[in-house]
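First comes the structure, then the notes that go with it.
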Amino acid sequence: ALATTVDVRDGDLVTLRRDGTDHTVQMTRAELEALPAAVLDEAVDDLTALSSVHDATMLDTLRRRHAADEIFTSIGNVVISVNPFKPVPSCTPDSIARLSQQGEAAPPHVARVASVAYRKMTGDDGSPPRAQSILISGESGAGKTESCKLCLMALASVSGSSQGATEGAVESALLLEAFGNAKTVYNDNSSRFGKWTAVFFDASRRIVACHAEAFLLEKPRVVGTGPGERSYHIFYQMLAGANEEERRGVSLQSSCS
């Protein structure tokens, strides 16, 4: 385990720094004194397994796992994902295929969530078969769209379906993003709408169709944006791809910042 030492004392607040890194957590002196000495060095992949559940210990665990490219962490039945903003080994097609076959035995991952949902839908886990839902939520730039894609890949793998069975849903996202994604101060490709994706299976329990539906589009962005933000990508794509006559036909200027 890595050593953690007191770095700064500011009245009742104490800042802890993990030795050899720039990672810090802050808590009150009373909270620090209440923590067992080993708590800040625990290595767990489920936050409910921490011997002391506290903002500092949870954030420190997420930070350490993120630094090691372990971007998924469980909190009971929920999986927390911290966007790495880079490719990581656990999200390659081979990794998704391997993890999806492990089911509940897999480490924390969206592929495990998809695999468990599939087994509950089919009744392979011993429970009565029933439809399942996976909720993916988070702030702008958290990685919701990519997590959805990984879930579709995992469903295709665990069901023995071809990857082509979900390609339509994945590729349709490009069209939805053109009309529903925009640059914001937080994210250059922020989805400004919600998306419902349904995956349909046949009697052999393989994927036969996918359906994607957009809702709750941020319509005011069409006519006005805040400082440092832009309208939907499609407007700039039209400006770049349309000729002068086509732009005049839809009342677009010849250039736009």
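Naming scheme: A, B, ... for chains in displayed order of the structure tokens; residues 1 onward per chain; ligands 1 onward as shown.
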
Fill in: helix (DSSP H, G or I) per DSSP on the backbone: members of range 42-99 of chain A, as a VMD selection string
chain A and resid 47 to 49 55 to 67 89 to 91 93 to 99

Discussion item. Using only C-alpha atoms, which protein or nucleic acid residues come within 12 Å of Leu47 in chain A? Drop anything in the same chain fewer than 5 positions from it, and give the result as a list in words.
Written reply: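 Contacts, in chain order: Val39, Glu42, Ser52, Val53, His54, Asp55, Ala56, Thr57, Met58, Leu59, Asp60, Thr61, Leu62, Arg65, Phe72, Thr73, Ser74, Ile75, Gly76, Asn77, Val78, Val79, Ile80 and Pro108 of chain A.
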
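Residue neighbourhood of His66 in chain A, excluding near-sequence residues (fewer than 6 positions): Phe72, Val82, Asn83 and Pro84 of chain A, at 9 Å, using only C-alpha atoms.
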
Export all heavy atoms of the chosen residues as an mmCIF file, in the first residue's frame?
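Contents of selection31.cif, freshly written:
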```cif
data_model
loop_
_atom_site.group_PDB
_atom_site.id
_atom_site.type_symbol
_atom_site.label_atom_id
_atom_site.label_comp_id
_atom_site.auth_asym_id
_atom_site.auth_seq_id
_atom_site.Cartn_x
_atom_site.Cartn_y
_atom_site.Cartn_z
ATOM 1 N N PHE A 72 -13.526 1.619 -13.900
ATOM 2 C CA PHE A 72 -14.832 1.190 -13.396
ATOM 3 C C PHE A 72 -14.704 0.726 -11.944
ATOM 4 O O PHE A 72 -13.808 -0.047 -11.606
ATOM 5 C CB PHE A 72 -15.399 0.048 -14.243
ATOM 6 C CG PHE A 72 -15.596 0.412 -15.691
ATOM 7 C CD1 PHE A 72 -14.718 -0.048 -16.658
ATOM 8 C CD2 PHE A 72 -16.659 1.212 -16.073
ATOM 9 C CE1 PHE A 72 -14.887 0.279 -17.988
ATOM 10 C CE2 PHE A 72 -16.843 1.550 -17.405
ATOM 11 C CZ PHE A 72 -15.954 1.083 -18.369
ATOM 12 N N VAL A 82 -15.224 6.532 -14.480
ATOM 13 C CA VAL A 82 -14.507 7.813 -14.526
ATOM 14 C C VAL A 82 -13.834 7.908 -15.893
ATOM 15 O O VAL A 82 -12.967 7.095 -16.224
ATOM 16 C CB VAL A 82 -13.462 7.914 -13.395
ATOM 17 C CG1 VAL A 82 -12.775 9.283 -13.442
ATOM 18 C CG2 VAL A 82 -14.114 7.697 -12.041
ATOM 19 N N ASN A 83 -14.255 8.870 -16.691
ATOM 20 C CA ASN A 83 -13.777 8.994 -18.067
ATOM 21 C C ASN A 83 -12.257 9.138 -18.120
ATOM 22 O O ASN A 83 -11.691 10.064 -17.540
ATOM 23 C CB ASN A 83 -14.428 10.213 -18.731
ATOM 24 C CG ASN A 83 -14.299 10.194 -20.240
ATOM 25 O OD1 ASN A 83 -13.388 9.588 -20.792
ATOM 26 N ND2 ASN A 83 -15.204 10.874 -20.919
ATOM 27 N N PRO A 84 -11.559 8.223 -18.819
ATOM 28 C CA PRO A 84 -10.097 8.314 -18.888
ATOM 29 C C PRO A 84 -9.607 9.261 -19.977
ATOM 30 O O PRO A 84 -8.448 9.633 -20.012
ATOM 31 C CB PRO A 84 -9.688 6.880 -19.223
ATOM 32 C CG PRO A 84 -10.824 6.379 -20.050
ATOM 33 C CD PRO A 84 -12.069 7.010 -19.477
#
```

Discussion item. Give me the residues near range 215-229 of chain A as a list of chain:residue names, where near means some atom within 7 Å (using only C-alpha atoms) and where sequence neighbours in that chain fewer than 6 positions away do not count.
Written reply: A:Gly180, A:Lys183, A:Thr184, A:Val185, A:Arg192, A:Phe193, A:Gly194, A:Lys195

Restricting it to N, CA and C atoms, dump the selection as a PDB file, in the first residue's frame.
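What landed in selection.pdb:
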```
ATOM      1  N   GLY A 180     -27.925  16.572 -32.558  1.00  0.00           N
ATOM      2  CA  GLY A 180     -28.193  16.744 -31.137  1.00  0.00           C
ATOM      3  C   GLY A 180     -26.984  16.991 -30.259  1.00  0.00           C
ATOM      4  N   LYS A 183     -20.868  21.871 -29.044  1.00  0.00           N
ATOM      5  CA  LYS A 183     -19.755  22.256 -28.186  1.00  0.00           C
ATOM      6  C   LYS A 183     -20.277  23.076 -27.020  1.00  0.00           C
ATOM      7  N   THR A 184     -19.874  22.696 -25.800  1.00  0.00           N
ATOM      8  CA  THR A 184     -20.188  23.479 -24.610  1.00  0.00           C
ATOM      9  C   THR A 184     -18.886  23.845 -23.917  1.00  0.00           C
ATOM     10  N   VAL A 185     -18.989  24.590 -22.837  1.00  0.00           N
ATOM     11  CA  VAL A 185     -17.774  24.981 -22.115  1.00  0.00           C
ATOM     12  C   VAL A 185     -17.141  23.786 -21.415  1.00  0.00           C
ATOM     13  N   ARG A 192     -26.910  16.949 -26.239  1.00  0.00           N
ATOM     14  CA  ARG A 192     -27.895  17.848 -25.648  1.00  0.00           C
ATOM     15  C   ARG A 192     -29.296  17.244 -25.739  1.00  0.00           C
ATOM     16  N   PHE A 193     -29.367  15.927 -25.594  1.00  0.00           N
ATOM     17  CA  PHE A 193     -30.643  15.225 -25.655  1.00  0.00           C
ATOM     18  C   PHE A 193     -30.505  13.902 -24.906  1.00  0.00           C
ATOM     19  N   GLY A 194     -31.623  13.314 -24.575  1.00  0.00           N
ATOM     20  CA  GLY A 194     -31.620  11.983 -23.989  1.00  0.00           C
ATOM     21  C   GLY A 194     -31.818  10.952 -25.084  1.00  0.00           C
ATOM     22  N   LYS A 195     -31.423   9.724 -24.814  1.00  0.00           N
ATOM     23  CA  LYS A 195     -31.561   8.682 -25.841  1.00  0.00           C
ATOM     24  C   LYS A 195     -32.038   7.386 -25.212  1.00  0.00           C
TER      25      LYS A 195
END
```

Worksheet item: Per DSSP on the backbone, what are the strand (DSSP E or B) residues of range 38-219 of chain A, as a ChimeraX atom specification?
Response: /A:46,72-75,78-81,181-182,190-191,194-201,207-215

Fill in: For Glu139 in chain A: contacts at 12 Å, only C-alpha atoms, fewer than 2 positions along chain excluded, given as a list of chain:residue names
A:Ser81, A:Val82, A:Asn83, A:Ile136, A:Ser137, A:Gly141, A:Ala142, A:Gly143, A:Lys144, A:Thr145, A:Tyr186, A:Asn187, A:Ser190, A:Ser191, A:Arg192

Discussion item. What's the separation between CA of Glu104 in chain A and CA of Arg130 in chain A, in Å to one decimal place?
Written reply: 17.9 Å

Item to complete: Within 7 Å of Ala111 in chain A, counting only C-alpha atoms, which residues show up once you throw out same-chain ones fewer than 5 positions away? Write them as an MDAnalysis selection string, please.
Response: chainID A and resid 96 99:100 150:151 154

Worksheet item: Taking only C-alpha atoms into account, which of A:His211, A:His109, A:Arg230, A:Arg248 comes nearest Ser147 in chain A?
Response: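 Closest to Ser147 in chain A of all the choices is A:His109.
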
Discussion item. Which residues are close to Ser157 in chain A, i.e. within 8 Å by only C-alpha atoms, leaving aside same-chain residues fewer than 3 positions away? Reply as JSON, numbers by chain.
Written reply: {"A": [96, 97, 100, 101, 153, 154, 160, 161, 162, 163]}
